[in-house]
Amino acid sequence: MADKVLMKGNEALAEAAIMAGCRHYFGYPITPQTEVAAYLAKRMPKVGGTFLQAESEIAAINMVIGVASAGKRVMTSSSSPGISLKSEGLSYLAGCDLPALVVNVQRGGPGLGGIQPSQSDYFHATRGAGHGDFHMLVLAPASVQEMASLVFKGFDLADKYRMTAMILADGTMGQMMEPVSLDMGEVKQYDKSWAVTGTKGARPHNIVNSLSLLPEELEQWNLKRYEKYAEIEKNEVMYDSFMAEDADVIVVSFGVGARVARNAIVEARAKGIKAGLIRPITLWPFPKQALKAAAAHAKAFVSVELSMGQMIEDIELSIRCFRPVLLCRRVGGMIPTPEEVLAKIEEADKTGGNEA
Amino acid sequence: MNVSILISGFGGQGVLFTGKFLAYEGLLENKEVTWLPSYGPEMRGGTASCSVIISDTPIGSPLVPHPDVLIAMNLPSLDRFEDAVVPGGAIFYDSSLIDREVRRTDVRAFGIPATKTASDKGFPTLANMIVMGKMLKELALFPDEAIDHTIAKVVSAKHQNLLELNKQAIQLGYGM
């Protein structure tokens with residue numbers, strides 16, 4: 001325990017980025033992620049890196065595209081409304097096959113919304129981060145420790161697959177403090193011979209570009225990208241489970257929702273209800289197989305979300321609607337209580353299986 | 001041990017710092033801890049609060065809707081959170097700023113004239129540490145010798161001149 005320190009999630013995330021070799025950060029302040037920028041404004045100059053507060057979120061994401069093109073690890077962070085502004089850039093990063101880390105510490109929406117925690121950018125992150133056919137690797141931390149470790153992991157995955165990794169956190173994860181170990185291990189090196197770093201007359205030009213006016217060529221680019229996505233869906237799924245092996249009712253939740261659900265599951269078990277938790281750590285790729293396997297023994301599922309019900313669609317798709325999926329949700333910056341989750345678990349335990 | 005603590009008061013009364021101290025104390029005692037602040041407009045002039053959980057086992061939700069212990073540094077905090085405390089819990093409040101008694105009869109209540117005492121002693125900003133000293137004594141959450149060690153850790157390098165005053169304030173509360 002001696003090596004653990006008490007840090008805010010936003011700060012642990014920022015420090016982990018530095019440990020992962022990120023020396024370029026571009027951002028614009030917005031609650032509840034401002035500590036990321038504040039921390040890096042102090043730290044980056046000390047490690048010879050660049051901290052730059054851009055004139056807008058749009059400028060920041062385009063600076064990210066520039067550094068990523070040069071093959072360097074780069075990060076930007078924001079909260080929901082700011083992430084919307086970055087959407088065009090996210091599409092360009094995908095179209096150019098560039099690695100980058102983008103952090104969304106979500107707040108309630110739509111529009112300017114509020115500043116309290118939310119998970120209502122799930123669709124944005126997993127489905128529609130911008131125009132065109134593409135995915136991002138989406139990682140959902142549920143502790144301050146994971147705010148750090150998933151940043152480290154995210155940079156690795158981004159480099160490995162030449163694509164954007166997004167940390168999809170919520171205001172609670174950014175603002176809370178927990179003990180965290182910053183022992184992240186070694187930074188892996190990846191081939192970046194594709195980067196535009198100047199030929200020095202010694203090699204042909206590298207080109208980073210998302211434009212192709214030949215439909216035959218553009219189709220091939222898309223098909224090739226989706227081969228990569230298929231590989232990721234096979235190899236990179238991460239999830240955690242808690243008392244799920246024998247569960248009749250499987251709660252599916254991520255981030256702060258999963259923390260609340262854990263309390264409810266302990267209470268349900270004390271009441272004799274066999275409840276368990278499957279917590280997706282990667283939201284894309286989604287742990288489809290784990291849920292499908294759980295559907296063989298569980299009679300019902302409960303999706304706990306800080307949104308009107310977005311992930312619930314992925315749960316239903318994963319289990320092919322084989323079992324009923326109930327929704328327990330709060331929105332607008334509100335967080336479900338353990339009592340609310342427990343009530344849904346009890347309802348699922350009573351009625352579950354009847355529709356199947 | 002599994003104790004949840006809610007600390008609430010005006011912005012500037014050291015509410016977040018008090019929580020940070022308790023969280024650090026837990027960390028140094030090898031406990032699981034979470035610290036969650038209220039954030040947003042209420043911090044600027046209104047009531048700020050933070051929730052701390054200290055536990056022997058992994059902590060699920062970091063939210064504290066029903067605290068075992070409430071530290072109320074002003075009247076709006078007591079008004080807002082008194083009923084949330086679990087039966088059998090404890091309320092510590094600054095009786096120099098709160099001119100009413102705790103209404104609940106199923107909790108232990110401790111009124112501490114913290115702001116007045118702190119002002120009389122010449123460190124008016126450390127009322128929070130006096131209340132916390134009282135709490136540490138009454139609840140005996142941690143061994144006495146751990147407290148000085150923690151305060152040395154939590155008071156930041158640029159505020160080292162306040163270290164001794166913080167220790168004094170905790171001792172004052174401890175002796176009340």
# chains A, B, ... in the order shown; residues from 1 in each chain; ligands from 1
call {"tool": "interface_residues", "arguments": {"of": "chain A", "to": "chain B", "cutoff": "6 Å", "atoms": "only C-alpha atoms", "output": "ChimeraX atom specification"}}
result
/A:176-178,259-260,262-263
call {"tool": "select_by_dssp", "arguments": {"residues": "range 56-99 of chain B", "states": "helix (DSSP H, G or I)", "output": "compact mmCIF listing (two decimals) with N, CA and C atoms, in the first residue's frame"}}
result
# COMPACT_ATOMS: atom_id res chain seq x y z
N LEU B 75 -25.46 26.10 9.36
CA LEU B 75 -26.86 25.73 9.55
C LEU B 75 -27.50 25.08 8.31
N PRO B 76 -27.27 25.65 7.11
CA PRO B 76 -27.87 24.99 5.94
C PRO B 76 -27.45 23.53 5.81
N SER B 77 -26.22 23.23 6.22
CA SER B 77 -25.74 21.85 6.13
C SER B 77 -26.48 20.94 7.11
N LEU B 78 -26.68 21.44 8.32
CA LEU B 78 -27.40 20.63 9.31
C LEU B 78 -28.85 20.46 8.88
N ASP B 79 -29.46 21.56 8.41
CA ASP B 79 -30.86 21.49 7.94
C ASP B 79 -31.00 20.46 6.83
N ARG B 80 -30.02 20.46 5.92
CA ARG B 80 -30.15 19.64 4.73
C ARG B 80 -29.85 18.16 5.00
N PHE B 81 -28.90 17.88 5.90
CA PHE B 81 -28.43 16.50 6.01
C PHE B 81 -28.78 15.80 7.32
N GLU B 82 -29.35 16.54 8.28
CA GLU B 82 -29.63 15.92 9.59
C GLU B 82 -30.44 14.63 9.44
N ASP B 83 -31.50 14.69 8.64
CA ASP B 83 -32.39 13.53 8.52
C ASP B 83 -31.77 12.38 7.73
N ALA B 84 -30.67 12.66 7.03
CA ALA B 84 -30.07 11.61 6.20
C ALA B 84 -29.19 10.67 7.02
call {"tool": "select_by_dssp", "arguments": {"residues": "range 63-215 of chain A", "states": "strand (DSSP E)", "output": "list of chain:residue names"}}
result
A:Val74, A:Met75, A:Thr76, A:Ser77, A:Ser78, A:Ala100, A:Leu101, A:Val102, A:Val103, A:Asn104, A:Val105, A:Gln106, A:Leu137, A:Val138, A:Leu139, A:Thr164, A:Ala165, A:Met166, A:Ile167, A:Leu168, A:Ala169, A:Asp170, A:Met177, A:Glu178, A:Pro179, A:Val180, A:Ser181
call {"tool": "residues_around", "arguments": {"residues": "range 131-142 of chain A", "least_positions_apart": "6", "cutoff": "7 Å", "atoms": "only C-alpha atoms", "output": "PDB file with N, CA and C atoms, in the first residue's frame"}}
result
ATOM      1  N   SER A  91     -13.693  11.814 -36.800  1.00  0.00           N
ATOM      2  CA  SER A  91     -13.906  11.149 -38.077  1.00  0.00           C
ATOM      3  C   SER A  91     -12.641  11.214 -38.946  1.00  0.00           C
ATOM      4  N   ALA A  94     -10.055   8.780 -37.813  1.00  0.00           N
ATOM      5  CA  ALA A  94     -10.385   7.433 -38.283  1.00  0.00           C
ATOM      6  C   ALA A  94     -10.058   7.283 -39.765  1.00  0.00           C
ATOM      7  N   ALA A 125     -20.058   7.650 -28.444  1.00  0.00           N
ATOM      8  CA  ALA A 125     -18.752   6.989 -28.387  1.00  0.00           C
ATOM      9  C   ALA A 125     -18.743   5.673 -29.155  1.00  0.00           C
ATOM     10  N   LEU A 150      -6.273   2.523 -17.656  1.00  0.00           N
ATOM     11  CA  LEU A 150      -6.894   2.445 -18.986  1.00  0.00           C
ATOM     12  C   LEU A 150      -6.330   3.502 -19.936  1.00  0.00           C
ATOM     13  N   MET A 163      -5.564   3.683 -34.409  1.00  0.00           N
ATOM     14  CA  MET A 163      -6.900   4.280 -34.347  1.00  0.00           C
ATOM     15  C   MET A 163      -7.074   5.031 -33.024  1.00  0.00           C
ATOM     16  N   THR A 164      -8.188   5.731 -32.908  1.00  0.00           N
ATOM     17  CA  THR A 164      -8.446   6.508 -31.703  1.00  0.00           C
ATOM     18  C   THR A 164      -8.946   5.608 -30.578  1.00  0.00           C
ATOM     19  N   ALA A 165      -8.379   5.798 -29.408  1.00  0.00           N
ATOM     20  CA  ALA A 165      -8.938   5.181 -28.202  1.00  0.00           C
ATOM     21  C   ALA A 165      -9.592   6.291 -27.405  1.00  0.00           C
ATOM     22  N   MET A 166     -10.808   6.032 -26.955  1.00  0.00           N
ATOM     23  CA  MET A 166     -11.502   7.030 -26.127  1.00  0.00           C
ATOM     24  C   MET A 166     -11.676   6.500 -24.714  1.00  0.00           C
ATOM     25  N   ILE A 167     -11.343   7.338 -23.734  1.00  0.00           N
ATOM     26  CA  ILE A 167     -11.678   7.041 -22.343  1.00  0.00           C
ATOM     27  C   ILE A 167     -13.048   7.661 -22.099  1.00  0.00           C
ATOM     28  N   LEU A 168     -14.048   6.813 -21.882  1.00  0.00           N
ATOM     29  CA  LEU A 168     -15.405   7.322 -21.631  1.00  0.00           C
ATOM     30  C   LEU A 168     -15.675   7.234 -20.128  1.00  0.00           C
ATOM     31  N   ALA A 169     -15.370   8.339 -19.450  1.00  0.00           N
ATOM     32  CA  ALA A 169     -15.558   8.392 -18.001  1.00  0.00           C
ATOM     33  C   ALA A 169     -16.793   9.233 -17.702  1.00  0.00           C
ATOM     34  N   MET A 173     -16.049   9.834 -11.800  1.00  0.00           N
ATOM     35  CA  MET A 173     -14.713   9.249 -11.922  1.00  0.00           C
ATOM     36  C   MET A 173     -13.648  10.342 -11.996  1.00  0.00           C
ATOM     37  N   PHE A 254     -21.491   0.099 -16.224  1.00  0.00           N
ATOM     38  CA  PHE A 254     -20.082   0.509 -16.306  1.00  0.00           C
ATOM     39  C   PHE A 254     -19.904   1.815 -15.526  1.00  0.00           C
ATOM     40  N   GLY A 255     -18.658   2.187 -15.309  1.00  0.00           N
ATOM     41  CA  GLY A 255     -18.379   3.444 -14.612  1.00  0.00           C
ATOM     42  C   GLY A 255     -19.028   3.488 -13.245  1.00  0.00           C
ATOM     43  N   VAL A 256     -19.493   4.673 -12.852  1.00  0.00           N
ATOM     44  CA  VAL A 256     -20.057   4.832 -11.507  1.00  0.00           C
ATOM     45  C   VAL A 256     -21.302   3.969 -11.315  1.00  0.00           C
ATOM     46  N   ARG A 259     -20.399   0.772  -9.872  1.00  0.00           N
ATOM     47  CA  ARG A 259     -20.038   0.858  -8.446  1.00  0.00           C
ATOM     48  C   ARG A 259     -21.297   0.809  -7.583  1.00  0.00           C
ATOM     49  N   ILE A 281     -15.622  -3.239 -19.616  1.00  0.00           N
ATOM     50  CA  ILE A 281     -14.531  -2.266 -19.515  1.00  0.00           C
ATOM     51  C   ILE A 281     -14.300  -1.665 -20.900  1.00  0.00           C
ATOM     52  N   THR A 282     -14.394  -2.505 -21.933  1.00  0.00           N
ATOM     53  CA  THR A 282     -14.442  -1.966 -23.292  1.00  0.00           C
ATOM     54  C   THR A 282     -15.912  -1.884 -23.697  1.00  0.00           C
ATOM     55  N   LEU A 283     -16.362  -0.688 -24.051  1.00  0.00           N
ATOM     56  CA  LEU A 283     -17.752  -0.529 -24.520  1.00  0.00           C
ATOM     57  C   LEU A 283     -17.811  -0.798 -26.019  1.00  0.00           C
ATOM     58  N   TRP A 284     -16.724  -0.481 -26.704  1.00  0.00           N
ATOM     59  CA  TRP A 284     -16.477  -1.049 -28.037  1.00  0.00           C
ATOM     60  C   TRP A 284     -15.036  -1.499 -28.072  1.00  0.00           C
ATOM     61  N   PRO A 285     -14.733  -2.757 -28.292  1.00  0.00           N
ATOM     62  CA  PRO A 285     -15.694  -3.843 -28.548  1.00  0.00           C
ATOM     63  C   PRO A 285     -16.477  -4.227 -27.293  1.00  0.00           C
TER      64      PRO A 285
END
call {"tool": "closest_atom_pairs", "arguments": {"of": "range 1-94 of chain B", "to": "range 162-174 of chain B", "cutoff": "12 Å", "atoms": "only C-alpha atoms", "output": "Markdown table"}}
result
| residue | atom | partner | partner_atom | distance |
| --- | --- | --- | --- | --- |
| B:Gly14 | CA | B:Asn166 | CA | 11.6 |
| B:Phe17 | CA | B:Asn166 | CA | 11.5 |
| B:Thr18 | CA | B:Ile170 | CA | 10.9 |
| B:Phe21 | CA | B:Asn166 | CA | 11.1 |
| B:Phe92 | CA | B:Gly173 | CA | 11.1 |
| B:Tyr93 | CA | B:Gly173 | CA | 11.9 |
| B:Asp94 | CA | B:Gly173 | CA | 11.2 |
call {"tool": "residues_around", "arguments": {"residues": "Ser96 in chain B", "least_positions_apart": "2", "cutoff": "8 Å", "atoms": "only C-alpha atoms", "output": "PyMOL selection string"}}
result
chain B and resi 94+98-99+112-116
call {"tool": "write_last_selection", "arguments": {"atoms": "N, CA, C and O atoms", "output": "PDB file, in the first residue's frame"}}
result
ATOM      1  N   ASP B  94     -20.754  22.747  14.298  1.00  0.00           N
ATOM      2  CA  ASP B  94     -20.122  23.949  14.830  1.00  0.00           C
ATOM      3  C   ASP B  94     -21.185  24.779  15.543  1.00  0.00           C
ATOM      4  O   ASP B  94     -21.975  25.481  14.906  1.00  0.00           O
ATOM      5  N   ILE B  98     -24.183  27.506  14.453  1.00  0.00           N
ATOM      6  CA  ILE B  98     -25.488  26.864  14.365  1.00  0.00           C
ATOM      7  C   ILE B  98     -26.191  27.065  15.706  1.00  0.00           C
ATOM      8  O   ILE B  98     -25.758  26.536  16.726  1.00  0.00           O
ATOM      9  N   ASP B  99     -27.254  27.878  15.696  1.00  0.00           N
ATOM     10  CA  ASP B  99     -27.870  28.237  16.982  1.00  0.00           C
ATOM     11  C   ASP B  99     -29.089  27.387  17.301  1.00  0.00           C
ATOM     12  O   ASP B  99     -30.037  27.825  17.931  1.00  0.00           O
ATOM     13  N   ILE B 112     -19.809  21.715  18.911  1.00  0.00           N
ATOM     14  CA  ILE B 112     -18.466  22.190  19.266  1.00  0.00           C
ATOM     15  C   ILE B 112     -18.382  23.666  18.883  1.00  0.00           C
ATOM     16  O   ILE B 112     -18.633  24.003  17.719  1.00  0.00           O
ATOM     17  N   PRO B 113     -18.044  24.558  19.829  1.00  0.00           N
ATOM     18  CA  PRO B 113     -17.931  25.989  19.475  1.00  0.00           C
ATOM     19  C   PRO B 113     -16.655  26.251  18.689  1.00  0.00           C
ATOM     20  O   PRO B 113     -15.754  26.967  19.152  1.00  0.00           O
ATOM     21  N   ALA B 114     -16.565  25.669  17.514  1.00  0.00           N
ATOM     22  CA  ALA B 114     -15.292  25.601  16.804  1.00  0.00           C
ATOM     23  C   ALA B 114     -14.849  26.951  16.254  1.00  0.00           C
ATOM     24  O   ALA B 114     -13.697  27.351  16.427  1.00  0.00           O
ATOM     25  N   THR B 115     -15.765  27.668  15.594  1.00  0.00           N
ATOM     26  CA  THR B 115     -15.366  28.930  14.969  1.00  0.00           C
ATOM     27  C   THR B 115     -14.939  29.941  16.037  1.00  0.00           C
ATOM     28  O   THR B 115     -13.941  30.647  15.890  1.00  0.00           O
ATOM     29  N   LYS B 116     -15.686  29.972  17.137  1.00  0.00           N
ATOM     30  CA  LYS B 116     -15.335  30.906  18.217  1.00  0.00           C
ATOM     31  C   LYS B 116     -13.973  30.533  18.817  1.00  0.00           C
ATOM     32  O   LYS B 116     -13.092  31.385  18.975  1.00  0.00           O
TER      33      LYS B 116
END
call {"tool": "closest_residue", "arguments": {"among": "B:Asp148, B:Asp56, B:Asp106, B:Glu101", "to": "Gly133 in chain B", "atoms": "only C-alpha atoms"}}
result
B:Asp148
call {"tool": "atom_distance", "arguments": {"atom1": "CA of Asp68 in chain B", "atom2": "CA of Ala90 in chain B"}}
result
6.4 Å
